[in-house]
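Enquirer: Handing you a structure now.
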Amino acid sequence: MKKYNVGIIGYSWAAEAHIEAINKTTLARVTAVCSSRKLDSEAISAKHGGSVKCYSDLAEMLADPDLHAVSICSYPADHAAQAVMAAKAGKHLIIEKPIALTWDECLAVETAVREAGVLTCVCFECRFSSQLLTIKSVIDQGLLGKIHYGEVDYYHGIGPWYGQYRWNTLKSAAGSSLLSAGCHALDALLLCMDSEFESVSSYATYSENKDFTPYEYPTSSVSIVKFKNGAVGKTASVIDCLQPYYFHFHLVGSEGSLLDNKYYSTVVPGLDKNNWTELPMKMLDSGDVSDHPYQAQFEAFFTAVDEGVEMPLTSITEAMKTHELIFAADKAAEGI
């Protein structure tokens with residue numbers, strides 16, 4: 001029997017991906033959904049399996065003593081207030097990225113979480129992907145030596161053909177190119193460089209294509225990061241491109257380099273020194289949430305909850321480091 005009952009806040013395509021992944025974990029199941037839209041409990045239960053109670057009032061759902069955790073899948077502008085409310089109700093938290101649209105709101109969420117003593121999982125789920133896990137293993141085994149330069153770039157055209165577009169164009173709803181989507185790349189850069197950032201400079205621009213003109217903020221940005229360990233890195237966040245989805249990696253170290261799904265190393269005997277060596281891994285090649293490694297992430301989260309410890313890789317402690325860099329980069333792009 002599963003131990004943890006989970007409530008979903010917001011019912012969208014992300015929420016459906018969360019429900020499926022949570023229900024596939026060994027420790028948790030979704031038993032409640034709260035949405036501003038009127039939902040039928042019988043229909044939702046039939047669709048997702050099990051018994052799911054639907055609410056329109058968040059306070060009412062959070063008052064259920066049998067609810068152990070919530071997953072926040074609402075609009076980004078609502079994340080902070082809902083996370084604070086859920087933390088004060090004593091519920092463990094899964095928070096879709098971003099935590100909030102301002103740094104002050106992120107700090108408020110962190111404070112509420114610490115004061116309540118609840119555990120968190122922030123959805124930088126790419127850290128649990130085959131690609132990131134393999135790349136991190138290559139780094140940790142020293143195959144690249146000491147990394148002094150890294151670039152991780154996010155290319156994903158979020159136009160009218162994409163579900164998120166209808167609200168993603170609004171600055172009040174999405175914030176920036178980085179907050180909207182490119183945060184996955186900046187987060188991966190931090191993971192790969194394994195150092196806190198010292199400073200960041202950033203520039204941003206717009207596309208002239210009519211599909212992207214509704215955006216209220218620059219849709220392409222590039223950020224140059226100086227790390228405290230002396231390394232430098234770059235992240236491009238491009239949500240106005242007309243091309244297939246592309247999550248680009250290029251890491252350069254003292255003993256080798258890594259380029260997307262292949263590497264070159266001077267410390268591994270027997271490798272062909274005239275060619276790259278391909279790594280057998282599933283690539284991050286889609287922005288579709290159904291293709292994201294939520295199940296592995298949520299399994300790690302509920303295991304951590306069961307053990308009473310902070311989860312690995314995507315706790316609020318790690319996520320706050322990424323958000324601090326995001327907001328610093330956005331301020332730099334605005335000339336602040």
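Ordering of the structure tokens sets the chain letters (A, B, ...), residue numbers begin anew at 1 in every chain, and ligands are numbered from 1 in the order given.
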What lies within 12 Å of A:Ala63 using only C-alpha atoms, ignoring chain neighbours under 5 positions off, as a PyMOL selection string?

Expert: chain A and resi 7+32+55+57-58+68-70+85-91

Enquirer: Take the residues from that selection and put them in a file with N, CA and C atoms, as a PDB file, in the first residue's frame.

Expert:
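Saved result, selection-v6.pdb, follows:
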```
ATOM      1  N   GLY A   7      -1.912  15.877  -3.396  1.00  0.00           N
ATOM      2  CA  GLY A   7      -2.891  16.734  -4.040  1.00  0.00           C
ATOM      3  C   GLY A   7      -2.223  17.539  -5.143  1.00  0.00           C
ATOM      4  N   ALA A  32      -6.137  13.865  -4.799  1.00  0.00           N
ATOM      5  CA  ALA A  32      -6.914  15.104  -4.852  1.00  0.00           C
ATOM      6  C   ALA A  32      -6.382  16.021  -5.941  1.00  0.00           C
ATOM      7  N   TYR A  55     -11.380  19.596  -5.905  1.00  0.00           N
ATOM      8  CA  TYR A  55     -11.680  20.784  -5.121  1.00  0.00           C
ATOM      9  C   TYR A  55     -11.589  22.021  -6.011  1.00  0.00           C
ATOM     10  N   ASP A  57     -11.485  24.946  -3.950  1.00  0.00           N
ATOM     11  CA  ASP A  57     -10.955  25.787  -2.879  1.00  0.00           C
ATOM     12  C   ASP A  57      -9.690  25.153  -2.315  1.00  0.00           C
ATOM     13  N   LEU A  58      -8.554  25.849  -2.476  1.00  0.00           N
ATOM     14  CA  LEU A  58      -7.271  25.286  -2.050  1.00  0.00           C
ATOM     15  C   LEU A  58      -7.206  25.076  -0.545  1.00  0.00           C
ATOM     16  N   HIS A  68      -0.649  14.337   2.351  1.00  0.00           N
ATOM     17  CA  HIS A  68       0.718  14.481   2.841  1.00  0.00           C
ATOM     18  C   HIS A  68       1.573  15.452   2.032  1.00  0.00           C
ATOM     19  N   ALA A  69       1.238  15.605   0.773  1.00  0.00           N
ATOM     20  CA  ALA A  69       2.064  16.441  -0.104  1.00  0.00           C
ATOM     21  C   ALA A  69       1.201  17.053  -1.191  1.00  0.00           C
ATOM     22  N   VAL A  70       1.709  18.133  -1.790  1.00  0.00           N
ATOM     23  CA  VAL A  70       1.026  18.728  -2.940  1.00  0.00           C
ATOM     24  C   VAL A  70       2.030  18.939  -4.063  1.00  0.00           C
ATOM     25  N   MET A  85       1.317  28.777   1.315  1.00  0.00           N
ATOM     26  CA  MET A  85       0.079  28.283   1.935  1.00  0.00           C
ATOM     27  C   MET A  85       0.170  26.793   2.240  1.00  0.00           C
ATOM     28  N   ALA A  86       0.687  26.026   1.294  1.00  0.00           N
ATOM     29  CA  ALA A  86       0.805  24.575   1.485  1.00  0.00           C
ATOM     30  C   ALA A  86       1.840  24.230   2.552  1.00  0.00           C
ATOM     31  N   ALA A  87       2.959  24.965   2.558  1.00  0.00           N
ATOM     32  CA  ALA A  87       3.990  24.724   3.572  1.00  0.00           C
ATOM     33  C   ALA A  87       3.437  24.995   4.971  1.00  0.00           C
ATOM     34  N   LYS A  88       2.695  26.074   5.118  1.00  0.00           N
ATOM     35  CA  LYS A  88       2.110  26.413   6.427  1.00  0.00           C
ATOM     36  C   LYS A  88       1.086  25.376   6.857  1.00  0.00           C
ATOM     37  N   ALA A  89       0.511  24.674   5.876  1.00  0.00           N
ATOM     38  CA  ALA A  89      -0.442  23.595   6.186  1.00  0.00           C
ATOM     39  C   ALA A  89       0.285  22.283   6.496  1.00  0.00           C
ATOM     40  N   GLY A  90       1.617  22.311   6.426  1.00  0.00           N
ATOM     41  CA  GLY A  90       2.412  21.133   6.762  1.00  0.00           C
ATOM     42  C   GLY A  90       2.543  20.110   5.657  1.00  0.00           C
ATOM     43  N   LYS A  91       2.318  20.532   4.415  1.00  0.00           N
ATOM     44  CA  LYS A  91       2.403  19.596   3.296  1.00  0.00           C
ATOM     45  C   LYS A  91       3.789  19.671   2.639  1.00  0.00           C
TER      46      LYS A  91
END
```

Enquirer: DSSP on the backbone: what in stretch 54-298 of chain A comes out alpha helix (DSSP H), as a short mmCIF file (atom, residue, chain, number, x, y, z; two decimals) with N, CA and C atoms, in the first residue's frame?

Expert:
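As written to disk, states39.cif reads:
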```cif
data_model
loop_
_atom_site.label_atom_id
_atom_site.label_comp_id
_atom_site.auth_asym_id
_atom_site.auth_seq_id
_atom_site.Cartn_x
_atom_site.Cartn_y
_atom_site.Cartn_z
N LEU A 58 -8.55 25.85 -2.48
CA LEU A 58 -7.27 25.29 -2.05
C LEU A 58 -7.21 25.08 -0.54
N ALA A 59 -7.72 26.03 0.22
CA ALA A 59 -7.68 25.91 1.68
C ALA A 59 -8.42 24.66 2.14
N GLU A 60 -9.52 24.34 1.46
CA GLU A 60 -10.28 23.14 1.81
C GLU A 60 -9.47 21.89 1.54
N MET A 61 -8.78 21.83 0.40
CA MET A 61 -7.95 20.66 0.10
C MET A 61 -6.81 20.54 1.10
N LEU A 62 -6.17 21.65 1.40
CA LEU A 62 -5.02 21.61 2.32
C LEU A 62 -5.42 21.26 3.74
N PRO A 76 2.83 30.03 -13.23
CA PRO A 76 3.99 30.46 -12.45
C PRO A 76 3.73 31.62 -11.49
N ALA A 77 2.88 32.56 -11.89
CA ALA A 77 2.60 33.72 -11.04
C ALA A 77 1.91 33.32 -9.74
N ASP A 78 1.30 32.12 -9.71
CA ASP A 78 0.59 31.65 -8.52
C ASP A 78 1.44 30.75 -7.63
N HIS A 79 2.59 30.33 -8.11
CA HIS A 79 3.39 29.34 -7.38
C HIS A 79 3.74 29.77 -5.96
N ALA A 80 4.24 30.98 -5.80
CA ALA A 80 4.76 31.41 -4.50
C ALA A 80 3.68 31.40 -3.43
N ALA A 81 2.55 32.03 -3.69
CA ALA A 81 1.48 32.10 -2.69
C ALA A 81 0.96 30.71 -2.34
N GLN A 82 0.82 29.86 -3.34
CA GLN A 82 0.32 28.51 -3.09
C GLN A 82 1.34 27.67 -2.33
N ALA A 83 2.63 27.84 -2.64
CA ALA A 83 3.67 27.09 -1.94
C ALA A 83 3.74 27.50 -0.47
N VAL A 84 3.66 28.79 -0.20
CA VAL A 84 3.67 29.28 1.19
C VAL A 84 2.47 28.73 1.94
N MET A 85 1.32 28.78 1.32
CA MET A 85 0.08 28.28 1.94
C MET A 85 0.17 26.79 2.24
N ALA A 86 0.69 26.03 1.29
CA ALA A 86 0.81 24.57 1.49
C ALA A 86 1.84 24.23 2.55
N ALA A 87 2.96 24.96 2.56
CA ALA A 87 3.99 24.72 3.57
C ALA A 87 3.44 24.99 4.97
N LYS A 88 2.70 26.07 5.12
CA LYS A 88 2.11 26.41 6.43
C LYS A 88 1.09 25.38 6.86
N TRP A 103 12.63 37.24 -7.07
CA TRP A 103 13.55 36.69 -6.08
C TRP A 103 12.97 36.81 -4.67
N ASP A 104 12.29 37.92 -4.36
CA ASP A 104 11.69 38.09 -3.04
C ASP A 104 10.65 37.01 -2.76
N GLU A 105 9.87 36.66 -3.78
CA GLU A 105 8.88 35.59 -3.61
C GLU A 105 9.57 34.24 -3.40
N CYS A 106 10.68 34.01 -4.08
CA CYS A 106 11.45 32.77 -3.86
C CYS A 106 11.93 32.69 -2.42
N LEU A 107 12.42 33.80 -1.91
CA LEU A 107 12.89 33.84 -0.52
C LEU A 107 11.75 33.58 0.45
N ALA A 108 10.56 34.10 0.14
CA ALA A 108 9.39 33.87 0.99
C ALA A 108 9.02 32.39 1.02
N VAL A 109 9.10 31.73 -0.13
CA VAL A 109 8.81 30.29 -0.20
C VAL A 109 9.85 29.52 0.62
N GLU A 110 11.11 29.87 0.44
CA GLU A 110 12.17 29.18 1.19
C GLU A 110 11.97 29.34 2.69
N THR A 111 11.64 30.54 3.13
CA THR A 111 11.40 30.79 4.56
C THR A 111 10.24 29.95 5.08
N ALA A 112 9.15 29.91 4.33
CA ALA A 112 7.98 29.14 4.75
C ALA A 112 8.31 27.65 4.85
N VAL A 113 9.08 27.16 3.90
CA VAL A 113 9.47 25.76 3.88
C VAL A 113 10.34 25.43 5.09
N ARG A 114 11.32 26.28 5.37
CA ARG A 114 12.22 26.04 6.51
C ARG A 114 11.46 26.09 7.83
N GLU A 115 10.59 27.08 7.96
CA GLU A 115 9.85 27.24 9.21
C GLU A 115 8.88 26.09 9.45
N ALA A 116 8.29 25.58 8.36
CA ALA A 116 7.33 24.47 8.49
C ALA A 116 8.01 23.12 8.62
N SER A 130 18.64 10.75 -18.48
CA SER A 130 19.77 9.90 -18.85
C SER A 130 20.96 10.76 -19.29
N GLN A 131 20.68 11.82 -20.05
CA GLN A 131 21.75 12.66 -20.56
C GLN A 131 22.53 13.35 -19.44
N LEU A 132 21.82 13.99 -18.51
CA LEU A 132 22.50 14.71 -17.43
C LEU A 132 23.20 13.76 -16.47
N LEU A 133 22.57 12.63 -16.17
CA LEU A 133 23.19 11.66 -15.26
C LEU A 133 24.49 11.11 -15.87
N THR A 134 24.47 10.86 -17.19
CA THR A 134 25.66 10.35 -17.87
C THR A 134 26.75 11.42 -17.92
N ILE A 135 26.38 12.63 -18.28
CA ILE A 135 27.36 13.73 -18.34
C ILE A 135 27.99 13.95 -16.98
N LYS A 136 27.17 13.96 -15.93
CA LYS A 136 27.71 14.18 -14.58
C LYS A 136 28.64 13.05 -14.19
N SER A 137 28.34 11.82 -14.61
CA SER A 137 29.22 10.68 -14.31
C SER A 137 30.57 10.85 -15.00
N VAL A 138 30.55 11.30 -16.27
CA VAL A 138 31.79 11.55 -17.00
C VAL A 138 32.63 12.60 -16.28
N ILE A 139 31.98 13.65 -15.80
CA ILE A 139 32.68 14.72 -15.07
C ILE A 139 33.26 14.18 -13.77
N ASP A 140 32.42 13.48 -12.99
CA ASP A 140 32.82 13.01 -11.66
C ASP A 140 33.93 11.97 -11.73
N TYR A 165 1.98 28.63 -25.07
CA TYR A 165 2.08 29.93 -25.73
C TYR A 165 1.00 30.91 -25.29
N ARG A 166 -0.21 30.45 -25.04
CA ARG A 166 -1.34 31.35 -24.80
C ARG A 166 -1.11 32.25 -23.59
N TRP A 167 -0.32 31.79 -22.62
CA TRP A 167 -0.01 32.65 -21.48
C TRP A 167 1.48 32.97 -21.40
N ASN A 168 2.30 32.21 -22.09
CA ASN A 168 3.75 32.38 -22.01
C ASN A 168 4.22 33.72 -22.59
N LYS A 171 4.52 38.90 -19.77
CA LYS A 171 5.60 39.06 -18.79
C LYS A 171 5.11 38.77 -17.38
N SER A 172 3.87 39.16 -17.08
CA SER A 172 3.30 38.93 -15.76
C SER A 172 3.06 37.45 -15.48
N ALA A 173 2.99 36.64 -16.54
CA ALA A 173 2.71 35.21 -16.38
C ALA A 173 3.94 34.33 -16.49
N ALA A 174 4.90 34.75 -17.32
CA ALA A 174 6.08 33.90 -17.57
C ALA A 174 7.39 34.54 -17.12
N SER A 177 12.57 34.84 -20.81
CA SER A 177 12.95 33.64 -21.57
C SER A 177 13.57 32.60 -20.64
N CYS A 183 15.65 28.20 -18.10
CA CYS A 183 16.16 27.90 -16.75
C CYS A 183 16.70 26.48 -16.67
N HIS A 184 16.16 25.57 -17.48
CA HIS A 184 16.68 24.19 -17.47
C HIS A 184 18.15 24.16 -17.90
N ALA A 185 18.50 25.00 -18.87
CA ALA A 185 19.88 25.03 -19.35
C ALA A 185 20.80 25.68 -18.33
N LEU A 186 20.36 26.79 -17.73
CA LEU A 186 21.19 27.46 -16.73
C LEU A 186 21.37 26.56 -15.51
N ASP A 187 20.33 25.82 -15.16
CA ASP A 187 20.43 24.87 -14.05
C ASP A 187 21.42 23.76 -14.38
N ALA A 188 21.38 23.26 -15.62
CA ALA A 188 22.32 22.21 -16.03
C ALA A 188 23.75 22.73 -16.04
N LEU A 189 23.93 23.99 -16.43
CA LEU A 189 25.27 24.59 -16.41
C LEU A 189 25.82 24.61 -14.99
N LEU A 190 25.00 25.03 -14.04
CA LEU A 190 25.44 25.04 -12.64
C LEU A 190 25.81 23.64 -12.16
N LEU A 191 25.02 22.65 -12.55
CA LEU A 191 25.31 21.27 -12.16
C LEU A 191 26.65 20.81 -12.73
N CYS A 192 26.89 21.12 -14.00
CA CYS A 192 28.11 20.66 -14.66
C CYS A 192 29.35 21.38 -14.15
N MET A 193 29.23 22.68 -13.87
CA MET A 193 30.40 23.46 -13.45
C MET A 193 30.70 23.26 -11.98
N TYR A 294 10.07 12.75 -14.90
CA TYR A 294 9.41 13.05 -13.62
C TYR A 294 9.38 11.85 -12.69
N GLN A 295 9.13 10.67 -13.25
CA GLN A 295 8.96 9.52 -12.37
C GLN A 295 10.21 9.26 -11.54
N ALA A 296 11.38 9.32 -12.17
CA ALA A 296 12.63 9.11 -11.43
C ALA A 296 12.81 10.19 -10.37
N GLN A 297 12.49 11.43 -10.74
CA GLN A 297 12.63 12.53 -9.78
C GLN A 297 11.67 12.37 -8.60
N PHE A 298 10.41 12.03 -8.89
CA PHE A 298 9.43 11.91 -7.83
C PHE A 298 9.69 10.69 -6.95
#
```

Enquirer: Using only C-alpha atoms, can you tell me which of A:Ser257, A:Asn274, A:Asn229, A:Gln243 comes closest to A:Ser286?

Expert: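 Going through A:Ser257, A:Asn274, A:Asn229, A:Gln243 one by one, the smallest distance to A:Ser286 is for A:Gln243.
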
Enquirer: Ranking A:Lys3, A:Lys47, A:Lys331, A:Arg37 by minimum distance to A:Leu178 and counting only C-alpha atoms, which one comes first?

Expert: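 Of A:Lys3, A:Lys47, A:Lys331, A:Arg37, the one nearest A:Leu178, counting only C-alpha atoms, is A:Lys331.
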
Enquirer: Work out how far apart atom CA of A:Val267 and atom CA of A:Pro312 are and give it in Å to one decimal.

Expert: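 It comes out at 28.9 Å.
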
Enquirer: One decimal, Å: what's the distance from atom CA of A:Glu151 over to atom CA of A:His250, could you say?

Expert: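 Here the two named atoms are 5.2 Å from each other.
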
Enquirer: Looking at A:Ala28, A:Phe249, A:Asp40, A:Leu170, which one is nearest to A:Met1, with distances taken over only C-alpha atoms?

Expert: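 Looking at the shortest contact to A:Met1, the residue is A:Ala28.
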
Enquirer: Go through A:Cys126, A:Val33, A:Ile22, A:Leu325 one by one, measure the shortest atom-to-atom distance of each to A:Asp291 using only C-alpha atoms, and give the residue with the smallest value.

Expert: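 Ranking A:Cys126, A:Val33, A:Ile22, A:Leu325 by distance to A:Asp291, first place goes to A:Cys126.
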
Enquirer: Do you know which residues are at most 7 Å from stretch 278-285 of chain A counting only C-alpha atoms, after dropping those on the same chain fewer than 5 positions away, and could you put them as a PyMOL selection string?

Expert: chain A and resi 130-131+245-247+261-263

Enquirer: Which residue gives the smallest distance to A:Glu310 among A:Ala100, A:Val52, A:Ala15, A:Cys121, with only C-alpha atoms counted?

Expert: A:Cys121

Enquirer: One number please: atom CA of A:Cys73 to atom CA of A:Val122, in Å, one decimal.

Expert: 11.1 Å

Enquirer: Between A:Val118, A:Leu271, A:Ile336, A:Val200, which one has atoms that come closest to A:Val305, using only C-alpha atoms?

Expert: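 Of A:Val118, A:Leu271, A:Ile336, A:Val200, the one nearest A:Val305 is A:Val118, counting only C-alpha atoms.
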
Enquirer: Using only C-alpha atoms, which residues sit within 8 Å of A:Thr205 once same-chain residues fewer than 4 positions away are excluded, as a list in words?

Expert: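 Non-adjacent residues within range: Pro218, Thr219, Ser220 and Ser221 of chain A.
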
Enquirer: Once you have the residues from the selection above, write them out as a CSV table (one decimal), in the first residue's frame, restricted to N, CA and C atoms.

Expert:
```csv
chain,number,residue,atom,x,y,z
A,218,PRO,N,11.9,40.0,-24.1
A,218,PRO,CA,12.8,39.5,-25.1
A,218,PRO,C,12.8,38.0,-25.1
A,219,THR,N,12.7,37.4,-26.2
A,219,THR,CA,12.6,36.0,-26.3
A,219,THR,C,13.9,35.2,-26.5
A,220,SER,N,15.0,35.9,-26.7
A,220,SER,CA,16.3,35.3,-26.8
A,220,SER,C,17.3,36.0,-25.9
A,221,SER,N,18.0,35.3,-25.1
A,221,SER,CA,19.0,35.9,-24.2
A,221,SER,C,20.2,35.0,-24.2
```

Enquirer: Write out as a list in words the residues lying within 8 Å of A:His292, counting only C-alpha atoms and excluding same-chain residues fewer than 3 positions away.

Expert: Glu125, Cys126, Ser129, Gly287, Asp288 and Val289 of chain A
